[in-house]
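Just below is one structure, and these are the notes that go with it.
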Amino acid sequence: VQLQASGGGLVQAGGSLRLSCMASGRPFRKYHMGWFRQPPGKEREFVAAITSRGASTYYAESVKGRFTITRDNAKNAGYLQMNSLNAEDTAVYFCAADLELTGGYNVRYSIPREYDYWGQGIQVTVSS
């Protein structure tokens, strides 16, 4: 599956952005999806994840209550709604897909190396 992320940009602190991740090549419904980010000078970190049918979602503590992950399998798309953004959210954001047949997603969702496919990174910059 190929992933194409979009929706990044520059926003003021307190503002919102919605990231999109469009999938192609294989049925998106067969993949769990995660969002990760890499702040300047830091390692890639988990942001949010959603299971293949959307039944379960997971969030990093730092974004819980501010970010919402959703998906629309009919459109082969996943989304990350980001509200109340602050300077610490500045990073390159990545969407990733994990084949559901692998199993055990509930314990693997936050680990980057567990994902099979990655979209290109998109920059999100929050000005304070």
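Within each chain, counting starts at residue 1; across the structure tokens, chains are named A, B, ... in the order shown, with ligands numbered 1 upward in that order.
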
Could you write out, as a list in words, all the residues of chain A that DSSP marks as helix (DSSP H, G or I)?
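The helix (DSSP H, G or I) subset of chain A is Phe28, Arg29, Lys30, Asn73, Ala74, Lys75, Ala87, Glu88, Asp89, Glu100, Leu101, Thr102, Tyr105, Asn106, Val107, Arg108, Pro112, Arg113 and Glu114 of chain A.
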
Neighbour list for Val1 (chain A) as a PyMOL selection string, cut-off 6 Å, only C-alpha atoms, skip fewer than 3 positions in-chain:
chain A and resi 24-26

Can I get the selection written as a PDB file, in the first residue's frame, with C-alpha atoms?
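File written: again_5.pdb
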```
ATOM      1  CA  SER A  24      -3.633   3.408  -2.639  1.00  0.00           C
ATOM      2  CA  GLY A  25      -2.608   0.089  -4.080  1.00  0.00           C
ATOM      3  CA  ARG A  26      -4.326  -2.230  -1.628  1.00  0.00           C
TER       4      ARG A  26
END
```

Extract, using only C-alpha atoms, all DNA, RNA and protein residues at most 10 Å from Tyr105 (chain A), discarding same-chain residues fewer than 5 positions from it, and format them as a list of chain:residue names.
A:His32, A:Ala49, A:Ile50, A:Thr51, A:Ser52, A:Asp98, A:Leu99, A:Glu100, A:Ser110, A:Ile111, A:Glu114

Determine, for each residue of region 6-28 of chain A having at least one atom at most 6 Å from an atom of region 119-125 of chain A, the closest pair of atoms and their separation in Å to one decimal, counting only C-alpha atoms; order by chain and ascending number, as a Markdown table.
```
| residue | atom | partner | partner_atom | distance |
| --- | --- | --- | --- | --- |
| A:Gly8 | CA | A:Val124 | CA | 5.0 |
| A:Gly9 | CA | A:Val124 | CA | 5.0 |
| A:Leu10 | CA | A:Thr125 | CA | 4.7 |
```

Measuring between only C-alpha atoms, which one of A:Lys30, A:Phe46, A:Asn83, A:Met22 shows the shortest distance to Thr102 (chain A)?
A:Lys30

Please identify the strand (DSSP E or B) residues within region 29-116 of chain A (assignment by DSSP from backbone atoms) and present them as a count of residues only.
38

Can you tell me, as a list in words, what residues are no more than 10 Å from Phe94 (chain A) when counting only C-alpha atoms, ignoring any on the same chain fewer than 4 positions away?
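Final neighbour list, sorted by chain and number: Leu3, Gln4, Ala5, Ser6, Leu19, Cys21, Gly34, Trp35, Phe36, Arg37, Gln38, Arg44, Glu45, Phe46, Val47, Trp118, Gly119, Gln120, Gly121, Ile122 and Gln123 of chain A.
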
Kindly export the residues of the current selection with N, CA and C atoms, as a short mmCIF file (atom, residue, chain, number, x, y, z; two decimals), in the first residue's frame.
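Produced file result-v9.cif, reproduced below:
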```
data_model
loop_
_atom_site.label_atom_id
_atom_site.label_comp_id
_atom_site.auth_asym_id
_atom_site.auth_seq_id
_atom_site.Cartn_x
_atom_site.Cartn_y
_atom_site.Cartn_z
N LEU A 3 1.12 5.36 0.76
CA LEU A 3 0.48 6.34 1.62
C LEU A 3 0.95 7.73 1.23
N GLN A 4 0.01 8.66 1.16
CA GLN A 4 0.31 10.05 0.82
C GLN A 4 -0.31 10.95 1.87
N ALA A 5 0.53 11.62 2.63
CA ALA A 5 0.05 12.50 3.68
C ALA A 5 -0.06 13.93 3.18
N SER A 6 -0.99 14.67 3.75
CA SER A 6 -1.17 16.08 3.38
C SER A 6 -1.80 16.82 4.55
N LEU A 19 -4.64 16.64 9.42
CA LEU A 19 -3.79 15.89 8.51
C LEU A 19 -4.59 14.77 7.86
N CYS A 21 -4.25 11.21 5.29
CA CYS A 21 -3.37 10.16 4.77
C CYS A 21 -4.19 9.33 3.79
N GLY A 34 -1.27 4.29 11.90
CA GLY A 34 -0.71 5.09 12.97
C GLY A 34 -0.19 6.42 12.44
N TRP A 35 -0.12 7.38 13.34
CA TRP A 35 0.54 8.65 13.08
C TRP A 35 1.72 8.78 14.03
N PHE A 36 2.83 9.18 13.49
CA PHE A 36 4.03 9.41 14.26
C PHE A 36 4.55 10.81 13.92
N ARG A 37 5.45 11.29 14.74
CA ARG A 37 6.07 12.58 14.46
C ARG A 37 7.52 12.57 14.91
N GLN A 38 8.29 13.43 14.27
CA GLN A 38 9.69 13.56 14.62
C GLN A 38 10.01 15.03 14.83
N ARG A 44 11.80 9.69 16.22
CA ARG A 44 10.40 9.56 15.86
C ARG A 44 9.59 9.04 17.04
N GLU A 45 8.43 9.62 17.26
CA GLU A 45 7.60 9.23 18.40
C GLU A 45 6.16 8.98 17.99
N PHE A 46 5.53 8.14 18.75
CA PHE A 46 4.16 7.77 18.50
C PHE A 46 3.22 8.92 18.83
N VAL A 47 2.18 9.10 18.01
CA VAL A 47 1.17 10.12 18.25
C VAL A 47 -0.20 9.48 18.48
N TRP A 118 5.04 3.41 5.09
CA TRP A 118 5.11 4.78 5.60
C TRP A 118 4.83 5.76 4.48
N GLY A 119 4.12 6.83 4.85
CA GLY A 119 3.97 7.94 3.94
C GLY A 119 5.16 8.88 4.07
N GLN A 120 5.21 9.85 3.19
CA GLN A 120 6.27 10.84 3.30
C GLN A 120 5.96 11.76 4.48
N GLY A 121 6.92 12.32 5.07
CA GLY A 121 6.70 13.22 6.18
C GLY A 121 6.17 14.57 5.74
N ILE A 122 5.36 15.17 6.58
CA ILE A 122 4.87 16.51 6.30
C ILE A 122 5.15 17.39 7.51
N GLN A 123 5.51 18.61 7.24
CA GLN A 123 5.91 19.53 8.30
C GLN A 123 4.70 20.19 8.93
#
```

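For the set A:Gln12, A:Thr90, A:Ala96, A:Tyr109, the residue with the smallest atom-to-atom gap to Ser56 (chain A) is A:Tyr109, counting only C-alpha atoms.
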
Kindly indicate which residue among A:Ala48, A:Gly14, A:Glu88, A:Glu61 lies nearest to Pro112 (chain A), using only C-alpha atoms for the distances.
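The shortest atom-to-atom distance to Pro112 (chain A) comes from A:Ala48.
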
Give me the residues near region 70-75 of chain A as a list in words, where near means some atom within 8 Å (using only C-alpha atoms) and where sequence neighbours in that chain fewer than 4 positions away do not count.
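Contacts, with the query itself left out: Phe28, Arg29, Ile50, Arg53, Gly54, Tyr79 and Leu80 of chain A.
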
Output for the residues just chosen: all heavy atoms as a JSON list (two decimals), in the first residue's frame:
```
[["chain", "number", "residue", "atom", "x", "y", "z"],
["A", 28, "PHE", "N", -7.39, -0.36, 2.01],
["A", 28, "PHE", "CA", -6.94, 0.26, 3.24],
["A", 28, "PHE", "C", -7.54, -0.41, 4.47],
["A", 28, "PHE", "O", -6.95, -0.39, 5.54],
["A", 28, "PHE", "CB", -7.32, 1.74, 3.19],
["A", 28, "PHE", "CG", -6.71, 2.57, 4.28],
["A", 28, "PHE", "CD1", -5.37, 2.46, 4.59],
["A", 28, "PHE", "CD2", -7.48, 3.47, 4.98],
["A", 28, "PHE", "CE1", -4.79, 3.24, 5.58],
["A", 28, "PHE", "CE2", -6.92, 4.27, 5.97],
["A", 28, "PHE", "CZ", -5.58, 4.14, 6.27],
["A", 29, "ARG", "N", -8.70, -1.03, 4.32],
["A", 29, "ARG", "CA", -9.38, -1.66, 5.45],
["A", 29, "ARG", "C", -8.59, -2.84, 6.03],
["A", 29, "ARG", "O", -8.90, -3.33, 7.11],
["A", 29, "ARG", "CB", -10.76, -2.15, 5.02],
["A", 29, "ARG", "CG", -10.75, -3.29, 4.01],
["A", 29, "ARG", "CD", -12.15, -3.71, 3.61],
["A", 29, "ARG", "NE", -12.13, -4.85, 2.70],
["A", 29, "ARG", "CZ", -11.95, -4.74, 1.40],
["A", 29, "ARG", "NH1", -11.79, -3.56, 0.85],
["A", 29, "ARG", "NH2", -11.95, -5.83, 0.64],
["A", 50, "ILE", "N", -5.08, 3.77, 15.06],
["A", 50, "ILE", "CA", -6.47, 3.30, 14.94],
["A", 50, "ILE", "C", -6.45, 1.94, 14.27],
["A", 50, "ILE", "O", -5.67, 1.70, 13.34],
["A", 50, "ILE", "CB", -7.32, 4.32, 14.15],
["A", 50, "ILE", "CG1", -8.79, 3.94, 14.17],
["A", 50, "ILE", "CG2", -6.80, 4.48, 12.73],
["A", 50, "ILE", "CD1", -9.70, 5.07, 13.67],
["A", 53, "ARG", "N", -10.62, -1.43, 11.34],
["A", 53, "ARG", "CA", -12.04, -1.11, 11.17],
["A", 53, "ARG", "C", -12.46, 0.11, 11.97],
["A", 53, "ARG", "O", -13.62, 0.49, 11.98],
["A", 53, "ARG", "CB", -12.91, -2.31, 11.58],
["A", 53, "ARG", "CG", -12.65, -3.58, 10.79],
["A", 53, "ARG", "CD", -12.96, -3.44, 9.32],
["A", 53, "ARG", "NE", -13.03, -4.72, 8.63],
["A", 53, "ARG", "CZ", -11.99, -5.30, 8.04],
["A", 53, "ARG", "NH1", -10.80, -4.73, 8.07],
["A", 53, "ARG", "NH2", -12.14, -6.47, 7.44],
["A", 54, "GLY", "N", -11.50, 0.69, 12.67],
["A", 54, "GLY", "CA", -11.79, 1.88, 13.47],
["A", 54, "GLY", "C", -12.37, 1.59, 14.84],
["A", 54, "GLY", "O", -12.82, 2.51, 15.52],
["A", 79, "TYR", "N", -7.20, 10.18, 9.05],
["A", 79, "TYR", "CA", -7.11, 11.59, 9.40],
["A", 79, "TYR", "C", -6.57, 11.75, 10.82],
["A", 79, "TYR", "O", -6.73, 10.88, 11.67],
["A", 79, "TYR", "CB", -8.49, 12.26, 9.31],
["A", 79, "TYR", "CG", -9.18, 12.03, 7.99],
["A", 79, "TYR", "CD1", -10.13, 11.03, 7.85],
["A", 79, "TYR", "CD2", -8.87, 12.81, 6.88],
["A", 79, "TYR", "CE1", -10.77, 10.80, 6.64],
["A", 79, "TYR", "CE2", -9.50, 12.59, 5.66],
["A", 79, "TYR", "CZ", -10.44, 11.58, 5.55],
["A", 79, "TYR", "OH", -11.06, 11.37, 4.34],
["A", 80, "LEU", "N", -5.96, 12.89, 11.03],
["A", 80, "LEU", "CA", -5.54, 13.28, 12.37],
["A", 80, "LEU", "C", -5.97, 14.72, 12.58],
["A", 80, "LEU", "O", -5.39, 15.64, 12.00],
["A", 80, "LEU", "CB", -4.03, 13.14, 12.56],
["A", 80, "LEU", "CG", -3.53, 13.41, 13.97],
["A", 80, "LEU", "CD1", -4.02, 12.34, 14.94],
["A", 80, "LEU", "CD2", -2.00, 13.49, 14.00]]
```

Which residue of A:Leu85, A:Ala91, A:Leu101, A:Val107 approaches Gly15 (chain A) most closely, using only C-alpha atoms:
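Counting only C-alpha atoms, the residue closest to Gly15 (chain A) is A:Leu85.
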
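For the pair CA of Ala60 (chain A) and CA of Pro27 (chain A), the interatomic distance is 26.7 Å.
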
Excluding same-chain residues fewer than 3 positions from Ser84 (chain A), what lies within 10 Å of it counting only C-alpha atoms, as a list in words?
Gln12, Ala13, Gly14, Gly15, Ser16, Leu17, Val63, Gly65, Arg66, Phe67 and Asp89 of chain A
